[in-house]
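This is entry.txt (compact mmCIF, C-alpha atoms and all ligand atoms).
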# COMPACT_ATOMS: atom_id res chain seq x y z
CA MET A 766 84.57 2.90 42.36
CA GLN A 767 85.99 5.93 40.57
CA ALA A 768 87.66 8.70 42.57
CA LEU A 769 85.78 11.93 43.20
CA PRO A 770 86.33 14.08 40.09
CA ASP A 771 87.91 17.53 39.98
CA GLN A 772 85.76 20.58 40.58
CA GLY A 773 86.08 24.36 40.39
CA GLY A 774 88.05 26.12 43.14
CA THR A 775 86.85 28.52 45.84
CA GLY A 776 88.23 31.64 44.14
CA PHE A 777 90.33 32.61 47.18
CA ASP A 778 93.42 32.51 44.91
CA ASP A 779 91.97 35.71 43.42
CA VAL A 780 91.97 37.48 46.80
CA VAL A 781 95.17 39.21 47.94
CA LEU A 782 95.54 40.63 51.45
CA LEU A 783 97.91 43.58 51.49
CA PRO A 784 100.85 43.29 53.90
CA GLU A 785 101.86 46.00 56.38
CA SER A 786 105.64 46.28 56.06
CA ALA A 787 105.92 48.51 59.11
CA SER A 788 104.11 46.12 61.48
CA GLU A 789 104.98 46.41 65.19
CA ILE A 790 102.75 43.58 66.39
CA ASP A 791 104.23 40.85 68.62
CA PHE A 792 103.09 37.34 67.71
CA ASP A 793 101.91 36.68 71.28
CA GLU A 794 99.66 39.71 71.46
CA VAL A 795 97.55 38.55 68.50
CA SER A 796 94.09 37.43 69.64
CA LEU A 797 91.75 35.20 67.64
CA ASP A 798 88.81 35.79 70.00
CA ILE A 799 85.53 36.72 68.37
CA GLU A 800 81.95 37.35 69.39
CA PHE A 801 79.37 35.27 67.52
CA PHE A 802 75.69 36.10 68.09
CA GLY A 803 76.81 37.69 71.34
CA TYR A 804 78.69 34.56 72.54
CA PRO A 805 82.44 34.76 73.15
CA LEU A 806 84.51 32.26 71.12
CA ARG A 807 88.27 31.67 71.19
CA SER A 808 88.51 31.12 67.43
CA PRO A 809 86.70 32.23 64.27
CA VAL A 810 86.58 28.57 63.15
CA ILE A 811 83.20 26.83 63.51
CA ILE A 812 82.86 23.05 63.26
CA ASN A 813 80.14 22.93 60.64
CA ALA A 814 77.22 20.51 60.46
CA MET A 815 78.13 16.93 59.64
CA THR A 816 76.69 13.97 61.40
CA GLY A 817 74.34 12.21 63.81
CA GLY A 818 71.96 9.30 63.88
CA THR A 819 74.26 6.27 63.95
CA ALA A 820 76.58 4.53 66.43
CA GLN A 821 79.60 5.76 64.46
CA ALA A 822 78.19 9.29 64.51
CA TYR A 823 78.00 9.11 68.32
CA GLY A 824 81.78 8.65 68.53
CA ILE A 825 82.47 11.30 65.91
CA ASN A 826 80.22 13.89 67.58
CA ARG A 827 81.78 13.12 70.96
CA ARG A 828 85.29 13.66 69.55
CA LEU A 829 84.22 16.85 67.75
CA ALA A 830 82.47 18.22 70.86
CA SER A 831 85.47 17.54 73.05
CA PHE A 832 87.67 19.26 70.42
CA ALA A 833 85.23 22.21 70.49
CA ARG A 834 85.40 22.40 74.29
CA ARG A 835 89.21 22.27 74.40
CA HIS A 836 89.53 25.15 71.96
CA GLY A 837 86.43 27.26 72.61
CA LEU A 838 84.90 26.58 69.17
CA ALA A 839 81.25 26.64 68.14
CA MET A 840 79.92 23.34 66.78
CA ALA A 841 76.92 22.45 64.63
CA VAL A 842 75.53 18.92 64.70
CA GLY A 843 74.42 17.18 61.50
CA SER A 844 70.85 17.21 60.25
CA GLU A 845 68.61 16.07 63.12
CA THR A 846 65.96 14.37 60.98
CA ALA A 847 67.06 10.97 62.32
CA ALA A 848 66.56 12.12 65.94
CA LEU A 849 63.15 13.59 65.16
CA GLU A 850 62.00 10.26 63.77
CA ASP A 851 63.69 7.74 66.05
CA ARG A 852 64.27 8.18 69.81
CA GLU A 853 67.23 5.81 69.66
CA ALA A 854 69.07 8.25 67.42
CA ILE A 855 68.86 11.16 69.91
CA ALA A 856 71.93 10.14 71.91
CA SER A 857 74.27 10.59 68.92
CA TYR A 858 73.33 14.31 68.83
CA ALA A 859 72.82 14.90 72.57
CA VAL A 860 76.40 13.74 73.16
CA ALA A 861 77.56 17.07 71.70
CA ARG A 862 75.82 18.96 74.54
CA GLU A 863 76.76 16.41 77.23
CA THR A 864 80.43 16.64 76.26
CA ASN A 865 80.45 20.42 76.06
CA PRO A 866 77.80 21.69 78.52
CA GLU A 867 78.84 25.35 78.34
CA GLY A 868 79.70 25.44 74.63
CA LEU A 869 77.96 27.12 71.73
CA ILE A 870 76.06 24.33 70.00
CA ILE A 871 74.09 24.78 66.78
CA ALA A 872 71.09 22.61 65.88
CA ASN A 873 70.52 21.64 62.23
CA VAL A 874 67.42 20.81 60.21
CA GLY A 875 66.65 20.67 56.50
CA MET A 876 64.67 23.14 54.43
CA GLY A 877 60.94 22.52 54.79
CA THR A 878 61.11 21.40 58.43
CA ASP A 879 58.06 22.75 60.26
CA LEU A 880 58.14 24.86 63.41
CA ALA A 881 57.33 22.08 65.90
CA ARG A 882 60.09 19.83 64.59
CA ALA A 883 62.58 22.70 64.34
CA GLN A 884 61.86 23.61 67.98
CA LYS A 885 62.31 19.98 69.00
CA ALA A 886 65.67 19.85 67.19
CA VAL A 887 66.77 22.88 69.24
CA ASP A 888 65.46 21.49 72.54
CA LEU A 889 67.01 18.02 72.11
CA ILE A 890 70.50 19.48 72.40
CA ALA A 891 69.72 22.75 74.25
CA ALA A 892 71.06 24.53 71.16
CA ASN A 893 72.02 28.20 71.15
CA LEU A 894 71.32 28.66 67.43
CA LEU A 895 69.56 26.80 64.61
CA GLN A 896 70.86 26.20 61.09
CA VAL A 897 68.30 25.49 58.37
CA HIS A 898 70.16 23.97 55.42
CA TRP A 899 69.15 24.34 51.77
CA ASN A 900 70.48 21.51 49.64
CA THR A 901 68.25 21.31 46.56
CA ALA A 902 71.08 20.19 44.28
CA GLN A 903 71.98 17.34 46.64
CA GLU A 904 68.34 16.19 46.84
CA LEU A 905 68.12 16.09 43.04
CA PHE A 906 71.29 14.01 42.76
CA MET A 907 70.25 11.55 45.50
CA ALA A 908 68.37 8.50 44.22
CA GLU A 909 65.99 8.74 47.21
CA GLY A 910 66.07 12.57 47.37
CA ASP A 911 63.15 15.02 47.36
CA ARG A 912 61.70 16.22 44.10
CA GLN A 913 59.08 18.59 45.51
CA PHE A 914 60.12 21.99 46.70
CA ARG A 915 56.92 24.04 46.85
CA GLY A 916 56.09 25.65 50.20
CA LEU A 917 59.61 25.56 51.64
CA ILE A 918 59.93 29.32 51.94
CA ALA A 919 56.70 29.66 53.96
CA ARG A 920 57.93 26.99 56.40
CA PHE A 921 61.28 28.72 56.73
CA HIS A 922 59.53 32.03 57.40
CA GLU A 923 57.52 30.54 60.25
CA VAL A 924 60.55 28.83 61.78
CA ALA A 925 62.73 31.94 61.51
CA GLN A 926 60.03 34.10 63.11
CA ARG A 927 58.97 31.80 65.92
CA VAL A 928 61.61 29.29 66.96
CA SER A 929 63.25 30.13 70.32
CA VAL A 930 66.81 30.79 69.02
CA PRO A 931 68.32 32.83 66.14
CA VAL A 932 68.20 31.08 62.76
CA ILE A 933 71.02 30.76 60.22
CA ALA A 934 70.01 30.04 56.60
CA LYS A 935 72.68 27.69 55.26
CA GLU A 936 73.71 26.61 51.76
CA VAL A 937 75.76 23.44 51.56
CA GLY A 938 78.15 23.81 48.66
CA GLN A 939 76.60 25.50 45.65
CA GLY A 940 76.99 29.01 47.07
CA MET A 941 74.37 31.60 48.01
CA THR A 942 73.98 34.78 45.97
CA GLY A 943 73.63 38.21 47.59
CA PRO A 944 69.96 38.72 46.64
CA VAL A 945 68.99 35.29 48.01
CA ALA A 946 70.77 36.08 51.28
CA ARG A 947 68.82 39.35 51.42
CA ARG A 948 65.60 37.42 50.92
CA PHE A 949 66.42 35.07 53.80
CA VAL A 950 67.12 38.08 56.01
CA GLN A 951 63.76 39.58 55.07
CA LEU A 952 62.16 36.26 56.06
CA GLY A 953 63.75 36.45 59.50
CA ALA A 954 67.20 34.81 59.24
CA GLN A 955 69.67 36.38 61.63
CA GLY A 956 72.63 34.62 60.06
CA ILE A 957 73.73 33.41 56.63
CA ASP A 958 76.12 30.51 56.02
CA ILE A 959 77.09 30.99 52.39
CA GLY A 960 78.07 27.34 51.64
CA GLY A 961 80.14 28.31 48.61
CA MET A 962 81.31 26.08 45.78
CA GLY A 963 84.90 24.84 45.92
CA GLY A 964 84.83 22.64 49.01
CA THR A 965 82.77 19.53 49.71
CA ASN A 966 80.47 19.23 46.72
CA PHE A 967 77.34 17.17 47.27
CA ILE A 968 76.61 16.91 43.56
CA ALA A 969 79.94 15.08 43.26
CA VAL A 970 79.40 13.10 46.48
CA GLU A 971 75.93 11.86 45.53
CA ALA A 972 76.95 11.07 41.94
CA TRP A 973 79.95 9.14 43.31
CA ARG A 974 77.74 7.22 45.76
CA ARG A 975 75.62 6.09 42.83
CA GLY A 976 78.63 5.24 40.67
CA MET A 977 77.53 7.89 38.18
CA VAL A 978 79.88 9.81 35.94
CA VAL A 979 78.99 13.44 36.46
CA ASP A 980 79.45 16.10 33.75
CA ARG A 981 82.17 18.67 34.27
CA GLU A 982 79.50 21.38 34.09
CA TRP A 983 77.74 19.99 37.16
CA LEU A 984 80.96 20.15 39.16
CA ARG A 985 81.10 23.87 38.46
CA TRP A 986 77.43 24.49 39.14
CA GLY A 987 77.15 27.25 41.70
CA VAL A 988 78.82 30.31 43.10
CA PRO A 989 82.47 29.88 44.15
CA THR A 990 83.01 30.70 47.82
CA ALA A 991 84.94 33.97 47.34
CA ALA A 992 82.35 35.35 44.90
CA SER A 993 79.45 34.20 47.10
CA LEU A 994 81.03 35.79 50.17
CA GLY A 995 81.56 39.07 48.29
CA GLU A 996 77.93 39.13 47.14
CA VAL A 997 76.50 38.25 50.54
CA ILE A 998 78.66 40.68 52.53
CA ALA A 999 77.86 43.49 50.10
CA GLU A 1000 74.12 42.78 50.45
CA VAL A 1001 73.47 41.94 54.09
CA GLU A 1002 76.39 42.90 56.32
CA PRO A 1003 76.25 44.52 58.92
CA TRP A 1004 72.61 43.57 59.61
CA VAL A 1005 73.22 39.87 60.07
CA THR A 1006 76.03 37.48 60.94
CA VAL A 1007 77.77 35.94 57.92
CA VAL A 1008 79.62 32.61 58.03
CA ALA A 1009 82.03 31.86 55.17
CA SER A 1010 82.11 28.17 54.31
CA GLY A 1011 82.81 25.84 51.41
CA GLY A 1012 86.46 24.85 50.96
CA ILE A 1013 87.94 26.83 53.88
CA ARG A 1014 91.14 24.84 54.39
CA SER A 1015 93.96 27.04 55.72
CA GLY A 1016 94.81 30.08 57.78
CA HIS A 1017 95.12 31.98 54.49
CA ASP A 1018 91.52 31.17 53.53
CA VAL A 1019 90.35 32.18 57.01
CA ALA A 1020 92.25 35.49 56.94
CA LYS A 1021 90.88 36.37 53.50
CA ALA A 1022 87.32 35.47 54.45
CA LEU A 1023 87.45 37.52 57.66
CA ALA A 1024 89.06 40.49 55.89
CA MET A 1025 86.29 40.36 53.28
CA GLY A 1026 83.81 40.77 56.14
CA ALA A 1027 82.81 37.28 57.33
CA HIS A 1028 82.14 37.07 61.08
CA ALA A 1029 83.35 33.45 61.27
CA VAL A 1030 84.23 30.53 58.99
CA GLY A 1031 82.71 27.05 58.87
CA VAL A 1032 84.76 23.92 58.16
CA ALA A 1033 83.37 20.42 57.65
CA GLY A 1034 85.07 17.94 55.27
CA PRO A 1035 88.64 18.04 56.67
CA LEU A 1036 87.38 17.73 60.26
CA MET A 1037 85.26 14.72 59.37
CA ARG A 1038 88.29 12.98 57.84
CA LEU A 1039 90.27 13.57 61.07
CA ALA A 1040 87.43 12.78 63.49
CA VAL A 1041 86.53 9.39 62.04
CA ALA A 1042 89.85 8.03 63.27
CA GLU A 1043 89.91 6.73 66.87
CA GLU A 1044 92.97 8.88 67.62
CA GLY A 1045 91.15 11.81 65.96
CA GLY A 1046 91.46 14.10 68.99
CA GLU A 1047 95.16 14.69 68.58
CA ALA A 1048 94.97 15.05 64.81
CA LEU A 1049 92.21 17.64 65.19
CA ASP A 1050 94.32 19.62 67.69
CA GLN A 1051 97.30 19.60 65.31
CA TRP A 1052 95.14 20.71 62.39
CA LEU A 1053 93.76 23.66 64.36
CA ASP A 1054 97.16 24.64 65.82
CA THR A 1055 98.61 24.84 62.30
CA LEU A 1056 95.67 26.88 61.03
CA HIS A 1057 95.81 29.26 64.02
CA ALA A 1058 99.60 29.70 63.71
CA THR A 1059 99.24 30.64 60.03
CA LEU A 1060 96.40 33.02 60.78
CA LYS A 1061 98.37 34.72 63.56
CA MET A 1062 101.43 35.10 61.29
CA ILE A 1063 99.23 36.73 58.66
CA MET A 1064 97.84 39.07 61.33
CA VAL A 1065 101.35 40.09 62.43
CA LEU A 1066 102.26 40.71 58.79
CA SER A 1067 99.08 42.73 58.38
CA GLY A 1068 99.85 44.87 61.43
CA VAL A 1069 96.74 43.84 63.37
CA ARG A 1070 96.12 42.37 66.83
CA THR A 1071 92.46 41.45 66.58
CA VAL A 1072 89.97 39.98 64.14
CA ALA A 1073 88.09 43.29 64.21
CA GLU A 1074 91.25 45.07 63.04
CA LEU A 1075 91.84 42.43 60.34
CA LYS A 1076 88.48 43.41 58.91
CA GLN A 1077 89.79 46.92 58.28
CA ARG A 1078 92.73 45.72 56.16
CA PRO A 1079 92.77 46.41 52.44
CA LEU A 1080 92.51 43.57 49.99
CA VAL A 1081 92.69 43.37 46.24
CA MET A 1082 90.49 41.12 44.11
CA THR A 1083 91.82 39.86 40.83
CA GLY A 1084 90.80 37.55 37.99
CA ARG A 1085 87.53 35.70 37.80
CA THR A 1086 86.26 36.77 41.23
CA ARG A 1087 86.83 40.44 40.39
CA GLU A 1088 85.06 40.05 37.02
CA TRP A 1089 82.24 38.23 38.75
CA LEU A 1090 81.66 40.90 41.39
CA GLN A 1091 81.98 43.73 38.85
CA GLN A 1092 79.46 42.22 36.49
CA ARG A 1093 77.09 41.56 39.39
CA GLY A 1094 77.18 45.26 40.28
CA TYR A 1095 79.38 45.16 43.38
CA ARG A 1096 82.01 47.58 42.02
CA ALA A 1097 81.71 50.01 44.95
CA PHE A 1098 82.23 47.15 47.40
CA LEU A 1099 85.40 46.09 45.54
CA GLU A 1100 86.77 49.63 45.66
CA THR A 1101 86.04 49.98 49.36
CA LEU A 1102 87.93 46.75 50.08
CA GLY A 1103 90.92 47.85 48.01
CA GLN A 1104 91.21 51.34 49.47
CA ARG A 1105 90.62 50.87 53.18
CA ASP A 1106 94.14 52.00 54.13
CA ARG A 1107 94.34 55.09 51.95
CA PHE A 1108 94.29 58.44 53.74
CA PRO A 1109 95.45 60.84 51.03
CA ALA A 1110 95.03 64.04 53.02
CA PRO A 1111 97.39 63.31 55.98
CA MET A 1112 99.94 61.87 53.53
CA VAL A 1113 99.95 65.11 51.52
CA ASP A 1114 100.28 67.09 54.80
CA ALA A 1115 103.24 64.98 55.92
CA ILE A 1116 105.05 65.48 52.62
CA SER A 1117 104.42 69.20 52.53
CA GLU A 1118 105.56 69.65 56.18
CA LYS A 1119 108.89 68.03 55.30
CA SER A 1120 109.61 70.18 52.26
C1 LIG B 1201 80.22 14.23 55.91
C2 LIG B 1201 79.45 15.52 55.81
C3 LIG B 1201 78.14 15.55 56.23
C4 LIG B 1201 77.40 16.75 56.17
N1 LIG B 1201 76.11 16.79 56.67
C5 LIG B 1201 75.45 17.98 56.74
C6 LIG B 1201 74.20 18.09 57.40
O1 LIG B 1201 73.68 17.12 57.92
N2 LIG B 1201 73.60 19.31 57.44
C7 LIG B 1201 74.19 20.42 56.85
O2 LIG B 1201 73.63 21.51 56.94
N3 LIG B 1201 75.35 20.32 56.22
C8 LIG B 1201 76.01 19.16 56.16
N4 LIG B 1201 77.24 19.09 55.55
C9 LIG B 1201 77.75 20.28 54.85
C10 LIG B 1201 78.76 21.04 55.66
O3 LIG B 1201 78.21 21.57 56.84
C11 LIG B 1201 79.35 22.22 54.82
O4 LIG B 1201 78.34 23.14 54.53
C12 LIG B 1201 79.95 21.74 53.51
O5 LIG B 1201 80.57 20.49 53.66
C13 LIG B 1201 81.00 22.72 52.96
O6 LIG B 1201 82.09 22.85 53.84
P1 LIG B 1201 83.52 22.07 53.62
O7 LIG B 1201 83.97 22.39 52.21
O8 LIG B 1201 84.41 22.63 54.68
O9 LIG B 1201 83.27 20.61 53.79
C14 LIG B 1201 77.99 17.90 55.61
C15 LIG B 1201 79.32 17.84 55.17
C16 LIG B 1201 80.04 16.68 55.25
C17 LIG B 1201 81.47 16.67 54.77

As structure tokens, the full file:
Amino acid sequence: MQALPDQGGTGFDDVVLLPESASEIDFDEVSLDIEFFGYPLRSPVIINAMTGGTAQAYGINRRLASFARRHGLAMAVGSETAALEDREAIASYAVARETNPEGLIIANVGMGTDLARAQKAVDLIAANLLQVHWNTAQELFMAEGDRQFRGLIARFHEVAQRVSVPVIAKEVGQGMTGPVARRFVQLGAQGIDIGGMGGTNFIAVEAWRRGMVVDREWLRWGVPTAASLGEVIAEVEPWVTVVASGGIRSGHDVAKALAMGAHAVGVAGPLMRLAVAEEGGEALDQWLDTLHATLKMIMVLSGVRTVAELKQRPLVMTGRTREWLQQRGYRAFLETLGQRDRFPAPMVDAISEKS
């Protein structure tokens, strides 16, 4: 079979965090703790939805849940359709809760799931939150995928209003726009997972599974993660919780996403690759240690101790992402990001006092 073809990037290369040359922060005083829907977490990294339903998934979810418990991470399970249809499949999801009884666990269902099934998906794993994922592009590229999409919004509305836990509307790789995020919020979503383009791309994955050659245009179909995050933050923050996801791979990506305003970041593909291996536990720990070390170094160099302070740091947008956000009408947002550290009045006072 052919290798997965190249696709467009996340756009985070266009985002520059400004350093603080006069930083007086000690590395060890930097804290990565955050609050997510009121729950305390020891890292802004969320293990995003991936798997469940098979014997192999049982082992993977157990390894991921134990990784989540060791490091105080939130974890979403994969789509629970299998568990809703087959009792035998429940164990491969429930293992996430059994392994991490006190942890923040997120249930996951697909768009169009009705209220009763969504509530069952939550109850099966005593979930704290529910993700409802929207993956129209993936369905269209799957041979056996859905072709009928009418009525999905009404179902989502009912679930978001009535299910027992807060609901996150989640894209899975083609990127949400700001106005769509706003619409989900109006329907009752309390969180948005932007699922930007530039990471795992299900158009490419499904085409590859079918041995299809996919046009270059399809691999760039969607909103790159940095542009999607800019749009969504400008539209719906601070009313709801925003998760940046889609190609988040390093401490640099995490720092940029948080500074842009994300409350947390979601990572899937790289964790799956590590967790499938039997010795996955250690590899997962190493991956997170490296990411955290990079993020803490960036925080020292930015002169901040906490994630909340990182969100006050200035950043400059260049290139395609800047053009994108300007043309979409988010110019004021761009200027606010770029000028967060500028206090012209005290600076003028200081200079005039000296002379
Ligand atoms: C193997 C795999 C399975 C996934 N299954 C689901 C799923 O069941 N439900 C869902 O909402 N997202 C699913 N996703 C999407 C991820 O949660 C995430 O949105 C997407 O992969 C982008 O993040 P990444 O670039 O870090 O992989 C899956 C991703 C991978 C890699």

Step by step, gather every atom of region 892-897 of chain A that the file lists, find the box along x, y and z that holds them, add 3 Å on each side, and finally give centre and edge lengths in Å to one decimal, as lines of an AutoDock Vina configuration file.
center_x = 70.2
center_y = 26.6
center_z = 64.8
size_x = 9.7
size_y = 10.1
size_z = 18.8

Nearby polymer residues, ligand LIG 1201 (chain B), at most 6 Å, only C-alpha atoms and all ligand atoms, as an NGL selection string: :A and (813-816 or 843-844 or 898 or 937-938 or 960 or 964-965 or 1010-1013 or 1032-1034)

Nearby residues (only C-alpha atoms) at most 8 Å from region 1074-1079 of chain A, same-chain spacing under 6 positions excluded, as a ChimeraX atom specification: /A:782-783,1020,1023-1026,1064,1067,1102-1106

Given the selection you just returned, output its residues as a file containing C-alpha atoms, formatted as a PDB file, keeping the file's coordinate frame.
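File part-v4.pdb, as written:
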ATOM      1  CA  LEU A 782      95.540  40.630  51.450  1.00  0.00           C
ATOM      2  CA  LEU A 783      97.910  43.580  51.490  1.00  0.00           C
ATOM      3  CA  ALA A1020      92.250  35.490  56.940  1.00  0.00           C
ATOM      4  CA  LEU A1023      87.450  37.520  57.660  1.00  0.00           C
ATOM      5  CA  ALA A1024      89.060  40.490  55.890  1.00  0.00           C
ATOM      6  CA  MET A1025      86.290  40.360  53.280  1.00  0.00           C
ATOM      7  CA  GLY A1026      83.810  40.770  56.140  1.00  0.00           C
ATOM      8  CA  MET A1064      97.840  39.070  61.330  1.00  0.00           C
ATOM      9  CA  SER A1067      99.080  42.730  58.380  1.00  0.00           C
ATOM     10  CA  LEU A1102      87.930  46.750  50.080  1.00  0.00           C
ATOM     11  CA  GLY A1103      90.920  47.850  48.010  1.00  0.00           C
ATOM     12  CA  GLN A1104      91.210  51.340  49.470  1.00  0.00           C
ATOM     13  CA  ARG A1105      90.620  50.870  53.180  1.00  0.00           C
ATOM     14  CA  ASP A1106      94.140  52.000  54.130  1.00  0.00           C
TER      15      ASP A1106
END

List every residue of region 859-935 of chain A that has an atom at most 8 Å from any atom of region 818-841 of chain A, giving for each one its closest atom pair and the distance in Å to one decimal, counting only C-alpha atoms, sorted by chain and then by ascending residue number, as CSV.
residue,atom,partner,partner_atom,distance
A:Val860,CA,A:Arg827,CA,5.8
A:Ala861,CA,A:Ala830,CA,5.1
A:Arg862,CA,A:Ala830,CA,7.6
A:Thr864,CA,A:Ala830,CA,6.0
A:Asn865,CA,A:Arg834,CA,5.6
A:Gly868,CA,A:Arg834,CA,6.5
A:Leu869,CA,A:Ala839,CA,4.9
A:Ile870,CA,A:Met840,CA,5.1
A:Ile871,CA,A:Ala841,CA,4.2
A:Ala872,CA,A:Ala841,CA,6.0
A:Asn873,CA,A:Ala841,CA,6.9
A:Gln896,CA,A:Ala841,CA,8.0

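Here CA of Ser786 (chain A) and CA of Leu1066 (chain A) stand 7.1 Å from one another.
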
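If only C-alpha atoms are the atoms counted, then among A:Phe1098, A:Phe777, A:Trp1089, A:Trp983 the closest residue to Thr942 (chain A) is A:Trp1089.
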
Expected answer as number ranges by chain: all residues with atoms within 12 Å of (73.3, 42.3, 54.2), only C-alpha atoms: A: 942-951, 954-957, 994-1007, 1026-1027

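Picture a line from CA of Ser929 (chain A) to CA of Ile959 (chain A); it runs 22.7 Å.
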
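With CA of Arg1038 (chain A) on one side and CA of Val1072 (chain A) on the other, the separation reads 27.8 Å.
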
Selected residue, from A:Gly963, A:Gly916, A:Gly1094, A:Pro931, that lies nearest to Val897 (chain A) when counting only C-alpha atoms: A:Pro931

Counting only C-alpha atoms, the option among A:Gln913, A:Thr1083, A:Ser993, A:Ser796 closest to Val1069 (chain A): A:Ser796

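Closest to Val810 (chain A) among A:Gly1016, A:Gly773, A:Gly961, A:Gly987 is A:Gly1016, based on only C-alpha atoms.
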
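Within 6 Å of the point (59.7, 24.1, 63.5), and counting only C-alpha atoms, the protein, DNA and RNA residues are A:Thr878, A:Asp879, A:Leu880, A:Ala881, A:Arg882, A:Ala883, A:Gln884, A:Val924.
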
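Minimum atom-to-atom distance to Ala934 (chain A), evaluated using only C-alpha atoms, belongs to A:Gly877 out of A:Gly877, A:Gly817, A:Pro1035, A:Pro989.
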
All residues 10 Å or closer to Ile799 (chain A), only C-alpha atoms, same chain fewer than 5 positions away omitted, as a ChimeraX atom specification: /A:804-810,1028-1029,1071-1073

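Of the residues under consideration (A:Val1030, A:Met876, A:Leu984, A:Val780), A:Met876 shows the shortest atom-to-atom contact distance to Asp911 (chain A) when counting all atoms listed in the file.
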
Selection: 9 Å around Gly1084 (chain A), all atoms listed in the file, excl. self and same-chain fewer than 3 positions, as a count of residues only: 7

Write out N, CA and C atoms for region 957-970 of chain A, as a compact mmCIF listing (two decimals), in the frame of the given file.
# COMPACT_ATOMS: atom_id res chain seq x y z
N ILE A 957 73.63 34.06 57.94
CA ILE A 957 73.73 33.41 56.63
C ILE A 957 75.02 32.60 56.62
N ASP A 958 74.92 31.32 56.27
CA ASP A 958 76.12 30.51 56.02
C ASP A 958 76.14 30.29 54.51
N ILE A 959 77.15 30.87 53.85
CA ILE A 959 77.09 30.99 52.39
C ILE A 959 77.24 29.66 51.65
N GLY A 960 77.92 28.66 52.26
CA GLY A 960 78.07 27.34 51.64
C GLY A 960 78.56 27.40 50.20
N GLY A 961 79.67 28.08 49.97
CA GLY A 961 80.14 28.31 48.61
C GLY A 961 80.67 27.07 47.92
N MET A 962 80.78 27.19 46.58
CA MET A 962 81.31 26.08 45.78
C MET A 962 82.84 26.10 45.80
N GLY A 963 83.43 24.92 45.90
CA GLY A 963 84.90 24.84 45.92
C GLY A 963 85.39 23.96 47.05
N GLY A 964 84.48 23.56 47.94
CA GLY A 964 84.83 22.64 49.01
C GLY A 964 84.10 21.33 48.78
N THR A 965 83.55 20.76 49.87
CA THR A 965 82.77 19.53 49.71
C THR A 965 81.61 19.82 48.76
N ASN A 966 81.48 18.98 47.75
CA ASN A 966 80.47 19.23 46.72
C ASN A 966 79.51 18.05 46.69
N PHE A 967 78.27 18.30 47.14
CA PHE A 967 77.34 17.17 47.27
C PHE A 967 76.81 16.67 45.94
N ILE A 968 76.95 17.46 44.88
CA ILE A 968 76.61 16.91 43.56
C ILE A 968 77.62 15.79 43.27
N ALA A 969 78.90 16.09 43.50
CA ALA A 969 79.94 15.08 43.26
C ALA A 969 79.79 13.90 44.20
N VAL A 970 79.50 14.18 45.49
CA VAL A 970 79.40 13.10 46.48
C VAL A 970 78.25 12.14 46.13
